[in-house]
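The next block holds one structure in the form of structure tokens; read it before the comments.
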Amino acid sequence: MTPPVPLEDELEPVGLIRQSGVVLRVGRMLLASGGGSYRVRIAMAQVGRALGLDSVEAQVTVNEIVATSRRGPIFRTEVTRSPTIGVNANRMVQLERLCSSLEPGVTAEEVAERLDEIEQTPLRYGTFANAFFTGVACAAFAFLNNGGLVEVLVVLVGASLGQLTRRLLIHRGYNQLGVTMVAAAVASVVYLGIVNLLFVAGAVDSIHESGYISAVLFLVPGFPLITAALDLSRLDFTAGLSRLAYALMIMMSAALSVWGVSAVMGLTPNPAGPLDLGDGQLLVLRLVASALGVLGFAVLFNSPWRVVFAAAGIGMVANVIRLELLDAGMIAQGAAAAAGLVVGVAANVVAPRMRVPRLTLCVPAVVIMVPGASAYRAVYFLNAGETVDALAFGVQASFVVVALAIGLTVARTVTDTSWGRAPH
């Protein structure tokens with residue numbers, strides 16, 4: 001007599017499979033929202049403990065997770081890949097609260113149901129609002145890069161249309177690098193087209209050639225750059241190097257597009273001279289521009305309003321401190337490190353009280369200090385064969401980014417005891 005064939009459910013640890021799948025889903029959602037590898041691992045471990053797993057070990061890159069869930073003598077290893085690389089601060093906040101609120105004994109089905117609710121949450125800001133606030137952020141950049149009123153307003157228009165183009169194309173599933181190049185071209189061409197018309201009409205005295213650089217600064221990959229630096233500071237080379245490679249590819253795509261527009265129009269993106277403003281007036285305008293710049297980027301990252309205003313306050317103070325230190329003669333990387341330290345300490349104090357991830361406050365506040373204009377100029381001069389100028393701008397941009405990361409890392413180390421421990 002042939003023995004009966006056992007059912008598949010009798011051979012497989014179905015409970016562990018379900019639990020492991022939910023843990024991996026949390027990590028994938030957080031990764032796709034822009035979370036750093038450290039935070040992804042912590043969230044997965046929190047969910048695993050609540051579900052009754054003994055341990056969850058994960059290896060994280062910019063868009064992939066390999067995770068092993070253990071329960072007693074059995075384990076399950078799974079691999080997942082995020083279909084998109086982006087930023088959704090509101091989803092990060094929701095996932096943070098979910099993971100920290102789970103109590104032991106919760107079932108995989110209950111967690112999955114709450115994840116369904118989070119996934120179905122629509123974006124907080126519509127397409128046009130998102131584009132407008134992006135334009136506001138770049139307009140603030142234009143002023144901080146010594147642009148006048150006309151340049152600031154035209155950058156607002158160019159950057160808004162560039163972000164509108166990027167968002168529409170990304171949501172239709174087009175290649176991200178190609179979309180970045182198209183968005184950069186739209187923003188810079190719109191800026192140059194409007195300013196040239198105003199110049200011909202006699203409404204302005206100059207084209208302010210460097211202004212179109214400000215119109216594409218919304219393409220600076222702030223979240224990947226900052227999270228890459230933080231991952232590398234913890235010796236997480238797998239996540240850090242993959243994020244850094246992604247960020248550099250995005251910046252290179254935008255810079256090549258800007259270079260192409262520059263070559264066609266016969267322009268050189270040299271820095272503009274300082275504005276003729278009094279000390280008090282300059283200070284007030286810097287405060288306003290810094291706050292609006294951070295606010296615009298926070299909205300671009302789909303942050304809740306209270307996170308938007310908190311980040312704007314932190315970034316406003318830190319960026320003005322950086323600019324004042326530069327005016328006092330401090331080297332750029334020293335001023336950037338001091339500003340990064342201010343942002344990091346403030347965010348690490350405020351974020352736990354608001355029950356939001358620290359990155360949602362740190363990154364918008366720091367992005368406005370990332371020298372995207374210098375990075376774009378480095379690529380422009382490199383393509384033009386002017387190696388010395390390219391090297392000067394490239395080294396300056398790299399040192400400032402590293403200095404910002406050092407400030408954030410030091411702040412995180414002194415305010416979070418678990419962060420300072422070696423990863424294991």
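How things are named: the first chain in the structure tokens is A, the next is B, and so on; residues count from 1 in each chain; ligands count from 1 in the order shown.
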Using only C-alpha atoms, which residues of stretch 233-329 of chain A come within 6 Å of stretch 177-200 of chain A, and what is the closest atom pair for each, with the distance in Å to one decimal? Give it as a tab-separated table, sorted by chain and residue number.
```
residue	atom	partner	partner_atom	distance
A:Ser253	CA	A:Met181	CA	5.4
A:Ala254	CA	A:Met181	CA	5.0
A:Ser257	CA	A:Met181	CA	5.3
```
For the interface of stretch 282-344 of chain A with stretch 214-229 of chain A (cut-off 10 Å, counting only C-alpha atoms), please tabulate each contacting residue of stretch 282-344 of chain A alongside its nearest pair of atoms and their separation in Å to one decimal, rows sorted by chain and increasing number, as CSV.
```
residue,atom,partner,partner_atom,distance
A:Gly296,CA,A:Phe218,CA,9.4
A:Phe297,CA,A:Phe218,CA,7.8
A:Leu300,CA,A:Phe218,CA,8.7
A:Phe301,CA,A:Phe223,CA,9.1
```
| A:Trp305 environment, 12 Å, only C-alpha atoms, sequence neighbours closer than 2 positions dropped, as a ChimeraX atom specification | /A:89-90,124-125,295-296,298-303,307-312,360-361
Those residues you just picked out, can you put them in a file as a tab-separated table (two decimals), in the first residue's frame with N, CA and C atoms?
```tsv
chain	number	residue	atom	x	y	z
A	89	ALA	N	8.91	60.77	3.04
A	89	ALA	CA	9.11	60.99	4.47
A	89	ALA	C	7.86	60.65	5.27
A	90	ASN	N	6.69	60.90	4.71
A	90	ASN	CA	5.46	60.58	5.43
A	90	ASN	C	5.35	59.08	5.67
A	124	ARG	N	0.87	63.27	0.21
A	124	ARG	CA	0.29	64.41	0.91
A	124	ARG	C	0.10	65.63	0.00
A	125	TYR	N	0.92	65.75	-1.01
A	125	TYR	CA	0.90	66.94	-1.85
A	125	TYR	C	0.68	66.53	-3.30
A	295	LEU	N	12.06	74.27	3.66
A	295	LEU	CA	10.63	73.98	3.58
A	295	LEU	C	10.28	73.35	2.24
A	296	GLY	N	10.80	73.92	1.16
A	296	GLY	CA	10.50	73.39	-0.17
A	296	GLY	C	11.00	71.96	-0.34
A	298	ALA	N	11.53	69.79	2.08
A	298	ALA	CA	10.75	68.91	2.95
A	298	ALA	C	9.43	68.53	2.30
A	299	VAL	N	8.79	69.49	1.62
A	299	VAL	CA	7.56	69.19	0.88
A	299	VAL	C	7.87	68.26	-0.29
A	300	LEU	N	8.98	68.49	-0.98
A	300	LEU	CA	9.39	67.61	-2.07
A	300	LEU	C	9.54	66.18	-1.58
A	301	PHE	N	9.99	66.00	-0.34
A	301	PHE	CA	10.17	64.67	0.23
A	301	PHE	C	8.89	64.12	0.84
A	302	ASN	N	7.76	64.82	0.65
A	302	ASN	CA	6.44	64.36	1.13
A	302	ASN	C	6.39	64.27	2.66
A	303	SER	N	6.97	65.26	3.33
A	303	SER	CA	6.96	65.29	4.80
A	303	SER	C	5.65	65.84	5.33
A	307	VAL	N	6.65	68.23	10.43
A	307	VAL	CA	8.04	67.90	10.13
A	307	VAL	C	8.64	68.97	9.22
A	308	VAL	N	7.83	69.46	8.27
A	308	VAL	CA	8.28	70.51	7.36
A	308	VAL	C	8.74	71.74	8.15
A	309	PHE	N	7.92	72.19	9.08
A	309	PHE	CA	8.25	73.41	9.83
A	309	PHE	C	9.40	73.18	10.80
A	310	ALA	N	9.47	72.00	11.40
A	310	ALA	CA	10.58	71.71	12.30
A	310	ALA	C	11.90	71.69	11.53
A	311	ALA	N	11.90	71.03	10.37
A	311	ALA	CA	13.12	70.99	9.56
A	311	ALA	C	13.50	72.38	9.07
A	312	ALA	N	12.50	73.19	8.70
A	312	ALA	CA	12.78	74.55	8.23
A	312	ALA	C	13.43	75.39	9.32
A	360	THR	N	14.20	62.50	8.56
A	360	THR	CA	13.19	63.40	8.01
A	360	THR	C	13.44	64.85	8.41
A	361	LEU	N	14.22	65.06	9.47
A	361	LEU	CA	14.59	66.42	9.86
A	361	LEU	C	15.99	66.78	9.36
```
| said: Among stretch 110-314 of chain A, which ones does DSSP assign to helix (DSSP H, G or I) (computed from the backbone)? Answer as a PyMOL selection string. | reply: chain A and resi 110-119+127-144+149-170+176-200+211-214+217-219+222-233+237-265+279-300+305-314
| task | For stretch 395-401 of chain A, please output as a PyMOL selection string all residues within 7 Å (counting only C-alpha atoms; exclusion window: fewer than 2 positions along the same chain). | result | chain A and resi 332-333+336+370-371+374-375+391-393+403-405
| note | A:Phe381 proximity check over A:Gln120, A:Leu256, A:Leu285, A:Val56, using only C-alpha atoms: winner is A:Leu256
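Between atom CA of A:Gly162 and atom CA of A:Tyr376 there is a distance of 16.3 Å.
One distance worth recording is that between atom CA of A:Val111 and atom CA of A:Gln94, which is 12.8 Å.
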Tell me, counting only C-alpha atoms, for each residue of stretch 181-288 of chain A within 10 Å of stretch 409-414 of chain A, which pair of atoms is nearest and how far apart they are in Å to one decimal, in rows ordered by chain and increasing number, as a Markdown table.
```
| residue | atom | partner | partner_atom | distance |
| --- | --- | --- | --- | --- |
| A:Ala229 | CA | A:Thr409 | CA | 8.5 |
| A:Leu230 | CA | A:Thr409 | CA | 6.5 |
| A:Asp231 | CA | A:Thr409 | CA | 9.8 |
| A:Ser233 | CA | A:Thr409 | CA | 7.1 |
| A:Arg234 | CA | A:Thr409 | CA | 9.2 |
```
| Shell around A:Ser100 at 12 Å using only C-alpha atoms, local window under 4 positions removed, as a list in words |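 Returned residues: Arg39, Ile42, Ala43, Met44, Ala45, Gln46, Val47, Gly48, Arg49, Ala50, Val93, Gln94, Leu95, Glu96, Pro104, Pro352, Arg355, Val356 and Pro357 of chain A.
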| A:Ala263, A:Ala239, A:Met354, A:Val366 ranked by distance to A:Gly36, top pick (using only C-alpha atoms) | A:Ala239
| When you draw a straight line from atom CA of A:Glu324 to atom CA of A:Ile406, how long is it in Å? |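 Rounded to one decimal, the two atoms are 19.7 Å apart.
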